[in-house]
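File shown: coords.txt. Contents: compact mmCIF, C-alpha atoms.
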# COMPACT_ATOMS: atom_id res chain seq x y z
CA MET A 1 68.21 104.05 156.44
CA LYS A 2 70.63 101.17 156.95
CA CYS A 3 74.27 101.36 155.86
CA LEU A 4 75.05 101.70 152.15
CA THR A 5 76.06 98.89 149.83
CA VAL A 6 79.26 99.29 147.82
CA HIS A 7 77.15 99.34 144.68
CA GLN A 8 75.04 102.23 146.00
CA ILE A 9 78.22 104.18 146.80
CA TYR A 10 79.49 103.86 143.24
CA LEU A 11 76.15 104.73 141.68
CA HIS A 12 75.92 107.77 143.94
CA LEU A 13 79.46 108.88 143.01
CA GLU A 14 78.69 108.54 139.30
CA LYS A 15 75.33 110.35 139.69
CA GLU A 16 73.52 107.33 138.29
CA LEU A 17 70.70 107.37 140.85
CA GLU A 18 67.35 109.15 140.96
CA SER A 19 67.49 112.47 142.86
CA SER A 20 65.24 111.16 145.65
CA GLU A 21 67.58 108.21 146.14
CA ASN A 22 70.60 110.52 146.13
CA LYS A 23 69.01 112.70 148.81
CA LYS A 24 68.40 109.68 151.05
CA ILE A 25 72.03 108.64 150.65
CA GLU A 26 73.31 112.15 151.41
CA ARG A 27 71.17 112.23 154.58
CA HIS A 28 72.60 108.89 155.66
CA LEU A 29 76.18 109.99 154.90
CA ARG A 30 75.78 113.01 157.20
CA SER A 31 75.12 110.72 160.14
CA CYS A 32 77.31 107.68 159.32
CA SER A 33 81.09 108.08 159.45
CA LYS A 34 81.69 104.46 158.34
CA CYS A 35 79.86 104.99 155.02
CA ARG A 36 81.37 108.45 154.64
CA LYS A 37 84.85 106.97 154.95
CA ALA A 38 84.02 104.21 152.45
CA LEU A 39 82.68 106.80 149.99
CA GLU A 40 85.71 109.08 150.35
CA GLY A 41 88.16 106.24 149.65
CA ARG A 42 86.32 105.23 146.48
CA LYS A 43 85.95 108.83 145.35
CA LEU A 44 89.74 109.31 145.58
CA LEU A 45 90.29 106.10 143.66
CA LEU A 46 87.98 107.16 140.82
CA GLN A 47 89.57 110.62 140.68
CA ALA A 48 93.00 109.00 140.36
CA VAL A 49 91.73 106.68 137.61
CA GLU A 50 90.24 109.55 135.66
CA SER A 51 93.54 111.44 135.82
CA LEU A 52 95.65 108.56 134.48
CA PRO A 53 98.01 109.82 131.73
CA SER A 54 97.16 109.20 128.08
CA TRP A 55 99.19 106.91 125.84
CA GLN A 56 101.38 108.98 123.54
CA VAL A 57 100.24 109.25 119.91
CA PRO A 58 103.42 109.95 117.88
CA SER A 59 103.43 113.04 115.67
CA GLY A 60 102.78 112.04 112.08
CA PHE A 61 100.64 109.06 113.12
CA THR A 62 97.57 110.41 111.30
CA HIS A 63 99.55 110.81 108.06
CA GLN A 64 101.01 107.34 108.47
CA VAL A 65 97.51 105.86 108.72
CA MET A 66 96.24 107.98 105.84
CA ASP A 67 99.15 106.82 103.66
CA LYS A 68 98.26 103.20 104.43
CA ILE A 69 94.62 103.76 103.52
CA PHE A 70 95.23 105.98 100.51
CA PRO A 71 98.64 105.00 99.08
CA ALA A 72 100.06 107.50 96.55
CA LYS A 73 99.60 106.20 93.01
CA VAL A 74 102.55 106.47 90.57
CA THR A 75 100.93 106.92 87.15
CA LEU A 76 102.63 107.19 83.78
CA TRP A 77 101.53 110.81 83.56
CA ASN A 78 103.07 111.58 87.00
CA SER A 79 106.36 109.96 85.98
CA PHE A 80 106.35 111.96 82.73
CA LEU A 81 105.71 115.18 84.66
CA ALA A 82 108.59 114.42 87.04
CA LEU A 83 110.94 113.78 84.12
CA ALA A 84 109.79 116.91 82.31
CA ALA A 85 110.31 118.96 85.48
CA GLY A 86 113.85 117.59 85.89
CA PHE A 87 114.72 118.25 82.27
CA SER A 88 113.38 121.80 82.28
CA THR A 89 115.31 122.54 85.51
CA PHE A 90 118.49 121.36 83.80
CA ILE A 91 117.84 123.55 80.71
CA ALA A 92 117.04 126.57 82.89
CA ALA A 93 120.22 126.06 84.96
CA PHE A 94 122.25 125.76 81.76
CA PHE A 95 120.95 129.05 80.31
CA ILE A 96 121.45 130.83 83.64
CA TYR A 97 125.08 129.65 83.54
CA ILE A 98 125.50 130.97 79.96
CA LEU A 99 123.99 134.33 80.89
CA ALA A 100 125.97 134.65 84.12
CA THR A 101 129.35 133.81 82.55
CA GLY A 102 128.65 135.73 79.31
CA GLN A 103 129.93 132.87 77.16
CA ASN A 104 129.00 132.25 73.57
CA LEU A 105 126.52 129.39 73.25
CA SER A 106 128.27 127.78 70.27
CA SER A 107 131.67 127.96 71.97
CA VAL A 108 130.22 126.26 75.06
CA PHE A 109 128.94 123.37 72.91
CA THR A 110 132.17 123.12 70.91
CA GLY A 111 134.22 123.27 74.08
CA PHE A 112 132.05 120.62 75.70
CA TYR A 113 132.37 118.18 72.74
CA HIS A 114 136.10 118.90 72.47
CA ASN A 115 136.59 118.19 76.19
CA VAL A 116 134.54 115.01 76.10
CA TRP A 117 136.40 113.72 73.03
CA GLU A 118 139.78 114.49 74.62
CA GLN A 119 138.73 112.66 77.78
CA ILE A 120 137.59 109.62 75.78
CA LYS A 121 140.84 109.55 73.82
CA SER A 122 143.11 109.82 76.85
CA ASN A 123 141.14 107.43 79.00
CA SER A 124 140.14 104.89 76.35
CA LEU A 125 142.11 102.07 78.01
CA ILE A 126 140.44 102.71 81.32
CA PHE A 127 137.02 102.84 79.64
CA ILE A 128 137.57 99.46 77.99
CA LYS A 129 138.72 97.96 81.30
CA PHE A 130 135.79 99.53 83.05
CA PHE A 131 133.19 98.06 80.63
CA LYS A 132 134.87 94.64 80.78
CA LEU A 133 134.90 94.71 84.56
CA THR A 134 131.27 95.84 84.70
CA SER A 135 130.11 92.99 82.46
CA ILE A 136 132.03 90.43 84.56
CA SER A 137 130.73 91.93 87.79
CA LEU A 138 127.14 91.86 86.57
CA LYS A 139 127.49 88.21 85.61
CA ILE A 140 128.89 87.29 89.02
CA LEU A 141 126.34 89.47 90.78
CA ARG A 142 123.45 87.78 88.99
CA GLU A 143 124.63 84.32 90.04
CA LEU A 144 125.31 85.52 93.55
CA LEU A 145 121.86 87.04 93.88
CA GLU A 146 120.26 83.85 92.62
CA HIS A 147 122.07 81.82 95.25
CA ILE A 148 121.25 84.32 97.99
CA LEU A 149 117.58 84.22 97.02
CA ILE A 150 117.48 80.42 97.06
CA GLY A 151 119.30 80.39 100.41
CA PHE A 152 116.88 82.89 101.89
CA LEU A 153 113.81 81.08 100.69
CA GLN A 154 115.04 78.05 102.61
CA ALA A 155 116.27 79.98 105.66
CA THR A 156 113.33 82.39 106.14
CA PRO A 157 111.04 80.02 108.06
CA ILE A 158 113.79 78.96 110.48
CA THR A 159 115.52 82.24 111.30
CA SER A 160 114.32 85.34 113.14
CA PRO A 161 114.13 88.74 111.33
CA GLU A 162 117.15 90.03 113.34
CA VAL A 163 119.31 87.11 112.16
CA GLN A 164 118.13 87.69 108.58
CA ILE A 165 119.15 91.36 108.72
CA PHE A 166 122.55 90.36 110.11
CA ILE A 167 123.05 87.80 107.30
CA ILE A 168 122.15 90.41 104.66
CA PHE A 169 124.63 92.83 106.22
CA LEU A 170 127.37 90.15 106.19
CA LEU A 171 126.62 89.30 102.56
CA ILE A 172 126.83 92.92 101.46
CA LEU A 173 130.13 93.31 103.31
CA THR A 174 131.61 90.12 101.78
CA THR A 175 130.40 90.98 98.26
CA SER A 176 131.90 94.47 98.37
CA PHE A 177 135.16 93.02 99.68
CA ILE A 178 135.33 90.41 96.87
CA PHE A 179 134.54 92.98 94.19
CA GLY A 180 137.05 95.40 95.62
CA LEU A 181 139.79 92.76 95.56
CA GLN A 182 138.86 91.57 92.07
CA ARG A 183 138.87 95.07 90.63
CA LYS A 184 142.24 95.82 92.19
CA SER A 185 143.83 92.59 90.91
CA LEU A 186 142.46 93.08 87.35
CA PHE A 187 143.98 96.53 87.04
CA GLY A 188 147.20 95.33 88.59
CA GLU A 189 147.43 92.44 86.10
CA LYS A 190 147.32 94.64 83.01
CA GLN A 191 149.75 97.19 84.36
CA MET B 1 82.70 121.08 114.42
CA HIS B 2 81.50 118.34 112.10
CA GLU B 3 79.33 115.54 113.43
CA ASP B 4 80.72 112.00 113.11
CA LYS B 5 77.87 110.92 110.86
CA GLU B 6 78.45 113.88 108.57
CA LEU B 7 82.15 112.96 108.31
CA VAL B 8 81.25 109.36 107.51
CA GLU B 9 78.92 110.51 104.74
CA LYS B 10 81.58 112.79 103.27
CA THR B 11 84.16 110.00 103.39
CA LEU B 12 81.78 107.72 101.52
CA GLN B 13 81.40 110.45 98.90
CA GLY B 14 85.16 110.34 98.40
CA GLU B 15 86.41 113.17 100.65
CA LYS B 16 89.65 111.88 102.11
CA GLU B 17 89.95 114.88 104.46
CA ALA B 18 86.76 113.83 106.24
CA PHE B 19 88.29 110.48 107.18
CA GLU B 20 91.46 112.25 108.29
CA MET B 21 89.31 114.25 110.71
CA ILE B 22 87.82 111.02 112.05
CA ILE B 23 91.32 109.62 112.65
CA ARG B 24 92.44 112.81 114.41
CA ARG B 25 89.34 112.74 116.62
CA TYR B 26 89.57 109.09 117.68
CA GLN B 27 93.26 108.11 117.57
CA GLN B 28 93.84 109.16 121.18
CA PRO B 29 90.82 107.42 122.79
CA ILE B 30 91.36 104.28 120.72
CA LEU B 31 95.06 104.17 121.64
CA ASN B 32 94.21 104.74 125.32
CA TYR B 33 91.89 101.74 125.19
CA ILE B 34 94.10 99.40 123.13
CA GLY B 35 97.24 100.44 125.02
CA ARG B 36 95.71 99.45 128.35
CA MET B 37 94.53 96.17 126.89
CA VAL B 38 97.79 95.02 125.26
CA ARG B 39 100.27 97.00 127.44
CA GLU B 40 102.82 97.51 124.66
CA GLN B 41 103.31 100.83 122.87
CA GLU B 42 104.40 99.56 119.44
CA LEU B 43 101.75 96.87 119.30
CA ALA B 44 99.08 99.30 120.52
CA LEU B 45 99.97 101.74 117.73
CA GLU B 46 99.93 98.98 115.15
CA LEU B 47 96.48 97.80 116.28
CA THR B 48 95.17 101.38 116.45
CA GLN B 49 96.27 101.86 112.85
CA GLU B 50 94.54 98.62 111.92
CA VAL B 51 91.29 99.82 113.56
CA PHE B 52 91.18 102.79 111.18
CA ILE B 53 92.10 100.68 108.15
CA ARG B 54 89.35 98.17 108.99
CA SER B 55 86.81 100.87 109.75
CA TYR B 56 87.53 102.59 106.43
CA SER B 57 87.17 99.38 104.45
CA SER B 58 83.84 98.54 106.12
CA LEU B 59 82.51 102.08 106.39
CA HIS B 60 79.70 101.31 103.94
CA SER B 61 78.33 98.78 106.45
CA TYR B 62 78.14 101.33 109.30
CA GLN B 63 74.55 101.95 110.37
CA PRO B 64 73.95 105.58 111.42
CA LYS B 65 71.39 104.52 114.06
CA TYR B 66 74.39 103.50 116.22
CA LYS B 67 76.92 105.91 117.66
CA PHE B 68 80.02 106.04 115.46
CA SER B 69 82.37 105.90 118.47
CA SER B 70 80.64 102.70 119.68
CA TRP B 71 81.10 101.15 116.25
CA LEU B 72 84.79 102.08 116.26
CA PHE B 73 85.36 100.67 119.77
CA LYS B 74 83.61 97.46 118.73
CA ILE B 75 86.05 97.10 115.83
CA ALA B 76 88.94 97.72 118.23
CA SER B 77 87.60 95.15 120.70
CA ASN B 78 87.20 92.48 117.98
CA LEU B 79 90.67 93.25 116.69
CA ILE B 80 92.22 92.68 120.12
CA ILE B 81 90.35 89.39 120.54
CA ASP B 82 91.53 88.29 117.06
CA TYR B 83 95.10 89.23 117.95
CA TRP B 84 95.01 87.29 121.22
CA ARG B 85 93.48 84.27 119.50
CA LYS B 86 96.14 84.33 116.78
CA LYS B 87 98.92 84.60 119.35
CA LYS B 88 97.18 82.02 121.55
CA ILE B 89 97.35 84.37 124.52
CA ALA B 90 95.04 83.42 127.39
CA THR B 91 93.29 86.64 128.28
CA PHE B 92 92.25 85.55 131.76
CA SER B 93 91.81 82.43 133.80
CA LEU B 94 88.25 81.16 134.05
CA ASP B 95 88.63 80.44 137.77
CA GLN B 96 89.71 83.98 138.42
CA GLN B 97 86.79 85.30 136.40
CA GLN B 98 84.34 83.13 138.34
CA ILE B 99 85.61 84.38 141.70
CA TRP B 100 85.00 87.94 140.67
CA GLU B 101 81.66 87.22 139.08
CA ASN B 102 80.42 85.69 142.31
CA GLN B 103 81.10 88.90 144.15
CA ASN B 104 77.93 90.23 145.65
CA PRO B 105 76.96 93.65 144.36
CA THR B 106 74.84 94.29 147.43
CA LEU B 107 77.90 93.99 149.66
CA GLN B 108 77.67 96.24 152.70
CA VAL B 109 80.48 98.55 153.70
CA THR B 110 82.50 96.82 156.43
CA ASP B 111 83.72 98.30 159.70
CA ASN B 112 87.34 99.49 159.69
CA GLU B 113 87.60 99.12 155.93
CA PRO B 114 91.29 99.54 155.03
CA SER B 115 92.06 102.40 152.72
CA ILE B 116 95.49 102.54 151.18
CA VAL B 117 94.12 105.09 148.68
CA ARG B 118 94.18 107.87 151.26
CA LYS B 119 97.75 107.13 152.30
CA LEU B 120 99.33 107.36 148.85
CA GLU B 121 100.50 110.34 146.79
CA LEU B 122 98.55 110.80 143.54
CA SER B 123 101.46 109.80 141.28
CA GLU B 124 102.12 106.68 143.36
CA LEU B 125 98.44 105.83 143.36
CA ARG B 126 98.26 106.14 139.54
CA GLU B 127 101.24 103.82 139.18
CA LYS B 128 99.63 101.23 141.45
CA ILE B 129 96.32 101.51 139.57
CA GLU B 130 98.11 100.79 136.27
CA GLU B 131 99.73 97.73 137.86
CA ALA B 132 96.38 96.55 139.23
CA LEU B 133 94.77 97.04 135.80
CA GLU B 134 97.38 94.75 134.32
CA LYS B 135 96.40 91.99 136.74
CA MET B 136 92.69 92.34 136.13
CA PRO B 137 90.93 89.83 133.82
CA ALA B 138 90.74 91.35 130.34
CA SER B 139 86.95 91.14 130.13
CA PHE B 140 86.60 93.35 133.23
CA ARG B 141 89.49 95.61 132.31
CA GLU B 142 87.90 96.38 128.96
CA LEU B 143 84.64 97.57 130.52
CA PHE B 144 86.45 99.50 133.23
CA VAL B 145 88.69 101.33 130.70
CA TRP B 146 85.72 102.22 128.53
CA ARG B 147 83.77 103.58 131.46
CA HIS B 148 86.42 105.40 133.46
CA ILE B 149 89.19 106.22 130.98
CA ASN B 150 87.31 106.63 127.71
CA GLU B 151 84.31 107.99 129.67
CA LEU B 152 81.70 106.07 127.67
CA SER B 153 78.21 105.84 129.13
CA TYR B 154 76.91 102.51 130.44
CA GLU B 155 74.42 102.53 127.55
CA GLU B 156 77.20 102.89 124.98
CA ILE B 157 79.18 100.05 126.54
CA ALA B 158 76.06 97.89 126.56
CA GLU B 159 75.57 98.68 122.85
CA ILE B 160 79.18 97.73 122.01
CA LYS B 161 79.17 94.44 123.93
CA GLY B 162 75.53 93.54 123.38
CA PHE B 163 74.96 93.10 127.15
CA PRO B 164 72.06 94.48 129.18
CA VAL B 165 72.91 97.83 130.84
CA GLY B 166 72.49 96.26 134.31
CA THR B 167 75.11 93.61 133.55
CA VAL B 168 77.56 96.27 132.38
CA LYS B 169 76.99 98.34 135.53
CA ASN B 170 77.57 95.27 137.69
CA ARG B 171 80.77 94.29 135.95
CA VAL B 172 82.20 97.80 136.05
CA PHE B 173 81.36 97.93 139.75
CA GLN B 174 83.15 94.60 140.25
CA ALA B 175 86.15 95.88 138.30
CA LYS B 176 86.40 98.91 140.58
CA GLU B 177 86.28 96.79 143.70
CA MET B 178 88.83 94.48 142.15
CA ILE B 179 91.26 97.39 141.73
CA ARG B 180 90.65 98.51 145.28
CA GLN B 181 91.29 95.02 146.63
CA LEU B 182 94.43 94.61 144.49
CA LEU B 183 95.73 97.90 145.85
CA GLU B 184 95.05 96.80 149.42
CA GLU B 185 96.66 93.40 148.80
CA LYS B 186 99.83 95.03 147.48
CA SER B 187 100.17 97.25 150.50
Output the file's structure in the form of structure tokens.
Amino acid sequence: MKCLTVHQIYLHLEKELESSENKKIERHLRSCSKCRKALEGRKLLLQAVESLPSWQVPSGFTHQVMDKIFPAKVTLWNSFLALAAGFSTFIAAFFIYILATGQNLSSVFTGFYHNVWEQIKSNSLIFIKFFKLTSISLKILRELLEHILIGFLQATPITSPEVQIFIIFLLILTTSFIFGLQRKSLFGEKQ
Amino acid sequence: MHEDKELVEKTLQGEKEAFEMIIRRYQQPILNYIGRMVREQELALELTQEVFIRSYSSLHSYQPKYKFSSWLFKIASNLIIDYWRKKKIATFSLDQQQIWENQNPTLQVTDNEPSIVRKLELSELREKIEEALEKMPASFRELFVWRHINELSYEEIAEIKGFPVGTVKNRVFQAKEMIRQLLEEKS
């Protein structure tokens, strides 16, 4: 048998040849060091390829894909259940408090109303200022948001996502600063 | 262990858990394939996720006479091509492809054939193989990864690409020689 072709070597290594053909090749390999060397080199290469490390699948990847395929649906019934659960937890906590402190239920209610009324009376001026300030802030905020939205609609196609995030961050910072100043000056003015 | 076809049937009947099992079974091989094609972890994960989303939405069109894994790899392959087209990324130069295609499969082993493979440590060799894979034309790399990393049979690869088995064998052989030559060139 004449020397092997590269193709024959690979087929032999992958056991893709008929057994009679394989036997012929093995016989030739016993007597030909050149082909033996060529086969050894390729065998090592394939072994190294087959032991290449896998790409890392992050934990939680399966759930992430499942959530994309089957997104959780928020139904009216689910929302009602969540609200009911929250309310019943509050009621249960309240009764546990009553039982643990040994207080009279009616005195707790009377005390609560009395406290709330006292608070309202003593802080009425602050409450009025607070509501006034909130209504002004909401007005300004609405206009500001409108302008931001218009600005973004124009800027989106020409800026990168990183720049957009930075702009949003700057806007939030500036807005909080303006509101902080305004609130401080309003209170100061009346005092 | 459930058969793929059984899991597909259960998914079509509305059992979400069956599709979850499919994802768990194939996420690693699909990521290994896509990762070596696009060479970027985040992008590879994104595309792997997309493979499962696409396969779920077209599951009704899957024909059980084909192997499910082949069908999944075909979706992955098409997705990569779509991505490259969208990004206008040239997958390989035609000249380069032609040079390799003209390589003679009946090439005889030469005297004093150099063999860098024997001189390198395994970890170093793996690193150099990954680098060589990166340089290989995508059409060859794809077949090589399927055969030697995903361990698909030549028949499966032929089914995915719609090529005759002989053509697949030839191209995988060329890919292997390409890696060997790239390793020798580097040394």
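Take atom CA of B:Leu133 and atom CA of B:Gln28: the distance between them is 19.0 Å.
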### Query
Can you tell me how far atom CA of A:Leu52 sits from atom CA of B:Val165, in Å to one decimal?
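Going from atom CA of A:Leu52 over to atom CA of B:Val165 covers 25.4 Å.
Considering the residues A:Ser176, A:Leu99, A:Leu46, A:Met1 and counting all atoms listed in the file, A:Arg30 has its shortest atom-to-atom contact with A:Met1.
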## Note on the structure
Between atom CA of A:Ile172 and atom CA of A:Leu133 lies a distance of 18.8 Å
Mind listing as a compact mmCIF listing (two decimals) with C-alpha atoms, in the coordinates of the input which residues of chain A are within 7 Å of chain B, counting all atoms listed in the file?
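Ended up saving to iface-v7.txt:
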# COMPACT_ATOMS: atom_id res chain seq x y z
CA CYS A 3 74.27 101.36 155.86
CA LEU A 4 75.05 101.70 152.15
CA THR A 5 76.06 98.89 149.83
CA VAL A 6 79.26 99.29 147.82
CA HIS A 7 77.15 99.34 144.68
CA LYS A 34 81.69 104.46 158.34
CA CYS A 35 79.86 104.99 155.02
CA ALA A 38 84.02 104.21 152.45
CA GLY A 41 88.16 106.24 149.65
CA LEU A 44 89.74 109.31 145.58
CA LEU A 45 90.29 106.10 143.66
CA ALA A 48 93.00 109.00 140.36
CA VAL A 49 91.73 106.68 137.61
CA GLU A 50 90.24 109.55 135.66
CA LEU A 52 95.65 108.56 134.48
CA SER A 54 97.16 109.20 128.08
CA TRP A 55 99.19 106.91 125.84
CA VAL A 57 100.24 109.25 119.91
CA THR A 62 97.57 110.41 111.30
CA VAL A 65 97.51 105.86 108.72
CA MET A 66 96.24 107.98 105.84
CA ILE A 69 94.62 103.76 103.52
Would you place a box with edges along x, y and z of the file around all atoms of stretch 44-54 of chain A listed there, add 3 Å to each of its six sides, and report the centre and edge lengths in Å to one decimal, as AutoDock Vina command-line options?
--center_x 93.0 --center_y 108.8 --center_z 136.8 --size_x 16.0 --size_y 11.3 --size_z 23.5
### Query
Using only C-alpha atoms, which of A:Thr175, A:Gln64, A:Gln164, A:Thr75 sits nearest A:Gly151?
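Result for the nearest residue to A:Gly151: A:Gln164.
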### Query
Taking only C-alpha atoms into account, which of B:Pro164, B:Glu6, B:Glu184, B:Trp146 comes nearest B:Ser70?
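Once distances to B:Ser70 are computed over only C-alpha atoms, the minimum belongs to B:Trp146.
With all atoms listed in the file as the atoms that count, the minimum distance from A:Gln47 to the choices A:Leu144, A:Ser33, A:Ser79, A:Leu13 is reached by A:Leu13.
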Please reconstruct the missing atoms of stretch 91-118 of chain A (target: N, CA and C atoms) and return them as a PDB file, keeping the file's coordinate frame.
ATOM      1  N   ILE A  91     117.736 122.569  81.804  1.00  0.00           N
ATOM      2  CA  ILE A  91     117.840 123.550  80.710  1.00  0.00           C
ATOM      3  C   ILE A  91     117.935 124.965  81.288  1.00  0.00           C
ATOM      4  N   ALA A  92     117.053 125.233  82.277  1.00  0.00           N
ATOM      5  CA  ALA A  92     117.040 126.570  82.890  1.00  0.00           C
ATOM      6  C   ALA A  92     118.391 126.869  83.542  1.00  0.00           C
ATOM      7  N   ALA A  93     118.935 125.869  84.285  1.00  0.00           N
ATOM      8  CA  ALA A  93     120.220 126.060  84.960  1.00  0.00           C
ATOM      9  C   ALA A  93     121.324 126.323  83.929  1.00  0.00           C
ATOM     10  N   PHE A  94     121.247 125.606  82.810  1.00  0.00           N
ATOM     11  CA  PHE A  94     122.250 125.760  81.760  1.00  0.00           C
ATOM     12  C   PHE A  94     122.237 127.191  81.194  1.00  0.00           C
ATOM     13  N   PHE A  95     121.043 127.691  80.887  1.00  0.00           N
ATOM     14  CA  PHE A  95     120.950 129.050  80.310  1.00  0.00           C
ATOM     15  C   PHE A  95     121.347 130.120  81.335  1.00  0.00           C
ATOM     16  N   ILE A  96     121.027 129.877  82.586  1.00  0.00           N
ATOM     17  CA  ILE A  96     121.450 130.830  83.640  1.00  0.00           C
ATOM     18  C   ILE A  96     122.981 130.889  83.676  1.00  0.00           C
ATOM     19  N   TYR A  97     123.616 129.724  83.536  1.00  0.00           N
ATOM     20  CA  TYR A  97     125.080 129.650  83.540  1.00  0.00           C
ATOM     21  C   TYR A  97     125.654 130.447  82.355  1.00  0.00           C
ATOM     22  N   ILE A  98     125.049 130.269  81.170  1.00  0.00           N
ATOM     23  CA  ILE A  98     125.500 130.970  79.960  1.00  0.00           C
ATOM     24  C   ILE A  98     125.402 132.479  80.152  1.00  0.00           C
ATOM     25  N   LEU A  99     124.212 132.892  80.699  1.00  0.00           N
ATOM     26  CA  LEU A  99     123.990 134.330  80.890  1.00  0.00           C
ATOM     27  C   LEU A  99     124.939 134.910  81.936  1.00  0.00           C
ATOM     28  N   ALA A 100     125.130 134.146  83.019  1.00  0.00           N
ATOM     29  CA  ALA A 100     125.970 134.650  84.120  1.00  0.00           C
ATOM     30  C   ALA A 100     127.436 134.758  83.721  1.00  0.00           C
ATOM     31  N   THR A 101     127.929 133.783  82.919  1.00  0.00           N
ATOM     32  CA  THR A 101     129.350 133.810  82.550  1.00  0.00           C
ATOM     33  C   THR A 101     129.603 134.607  81.280  1.00  0.00           C
ATOM     34  N   GLY A 102     128.531 134.941  80.540  1.00  0.00           N
ATOM     35  CA  GLY A 102     128.650 135.730  79.310  1.00  0.00           C
ATOM     36  C   GLY A 102     129.329 134.985  78.186  1.00  0.00           C
ATOM     37  N   GLN A 103     129.291 133.669  78.213  1.00  0.00           N
ATOM     38  CA  GLN A 103     129.930 132.870  77.160  1.00  0.00           C
ATOM     39  C   GLN A 103     129.056 132.766  75.927  1.00  0.00           C
ATOM     40  N   ASN A 104     129.722 132.457  74.806  1.00  0.00           N
ATOM     41  CA  ASN A 104     129.000 132.250  73.570  1.00  0.00           C
ATOM     42  C   ASN A 104     128.431 130.825  73.594  1.00  0.00           C
ATOM     43  N   LEU A 105     127.180 130.697  73.179  1.00  0.00           N
ATOM     44  CA  LEU A 105     126.520 129.390  73.250  1.00  0.00           C
ATOM     45  C   LEU A 105     127.240 128.350  72.397  1.00  0.00           C
ATOM     46  N   SER A 106     127.631 128.762  71.165  1.00  0.00           N
ATOM     47  CA  SER A 106     128.270 127.780  70.270  1.00  0.00           C
ATOM     48  C   SER A 106     129.639 127.364  70.811  1.00  0.00           C
ATOM     49  N   SER A 107     130.346 128.327  71.447  1.00  0.00           N
ATOM     50  CA  SER A 107     131.670 127.960  71.970  1.00  0.00           C
ATOM     51  C   SER A 107     131.542 127.012  73.169  1.00  0.00           C
ATOM     52  N   VAL A 108     130.454 127.177  73.917  1.00  0.00           N
ATOM     53  CA  VAL A 108     130.220 126.260  75.060  1.00  0.00           C
ATOM     54  C   VAL A 108     130.036 124.845  74.542  1.00  0.00           C
ATOM     55  N   PHE A 109     129.194 124.703  73.474  1.00  0.00           N
ATOM     56  CA  PHE A 109     128.940 123.370  72.910  1.00  0.00           C
ATOM     57  C   PHE A 109     130.219 122.772  72.326  1.00  0.00           C
ATOM     58  N   THR A 110     130.943 123.623  71.548  1.00  0.00           N
ATOM     59  CA  THR A 110     132.170 123.120  70.910  1.00  0.00           C
ATOM     60  C   THR A 110     133.168 122.707  71.993  1.00  0.00           C
ATOM     61  N   GLY A 111     133.284 123.549  72.985  1.00  0.00           N
ATOM     62  CA  GLY A 111     134.220 123.270  74.080  1.00  0.00           C
ATOM     63  C   GLY A 111     133.840 121.986  74.798  1.00  0.00           C
ATOM     64  N   PHE A 112     132.549 121.805  74.994  1.00  0.00           N
ATOM     65  CA  PHE A 112     132.050 120.620  75.700  1.00  0.00           C
ATOM     66  C   PHE A 112     132.409 119.348  74.903  1.00  0.00           C
ATOM     67  N   TYR A 113     132.075 119.356  73.580  1.00  0.00           N
ATOM     68  CA  TYR A 113     132.370 118.180  72.740  1.00  0.00           C
ATOM     69  C   TYR A 113     133.871 117.912  72.692  1.00  0.00           C
ATOM     70  N   HIS A 114     134.653 119.037  72.550  1.00  0.00           N
ATOM     71  CA  HIS A 114     136.100 118.900  72.470  1.00  0.00           C
ATOM     72  C   HIS A 114     136.641 118.234  73.744  1.00  0.00           C
ATOM     73  N   ASN A 115     136.147 118.735  74.898  1.00  0.00           N
ATOM     74  CA  ASN A 115     136.590 118.190  76.190  1.00  0.00           C
ATOM     75  C   ASN A 115     136.237 116.720  76.328  1.00  0.00           C
ATOM     76  N   VAL A 116     134.992 116.403  75.961  1.00  0.00           N
ATOM     77  CA  VAL A 116     134.540 115.010  76.100  1.00  0.00           C
ATOM     78  C   VAL A 116     135.396 114.105  75.223  1.00  0.00           C
ATOM     79  N   TRP A 117     135.621 114.527  73.973  1.00  0.00           N
ATOM     80  CA  TRP A 117     136.400 113.720  73.030  1.00  0.00           C
ATOM     81  C   TRP A 117     137.826 113.517  73.537  1.00  0.00           C
ATOM     82  N   GLU A 118     138.420 114.566  74.081  1.00  0.00           N
ATOM     83  CA  GLU A 118     139.780 114.490  74.620  1.00  0.00           C
ATOM     84  C   GLU A 118     139.844 113.481  75.776  1.00  0.00           C
TER      85      GLU A 118
END
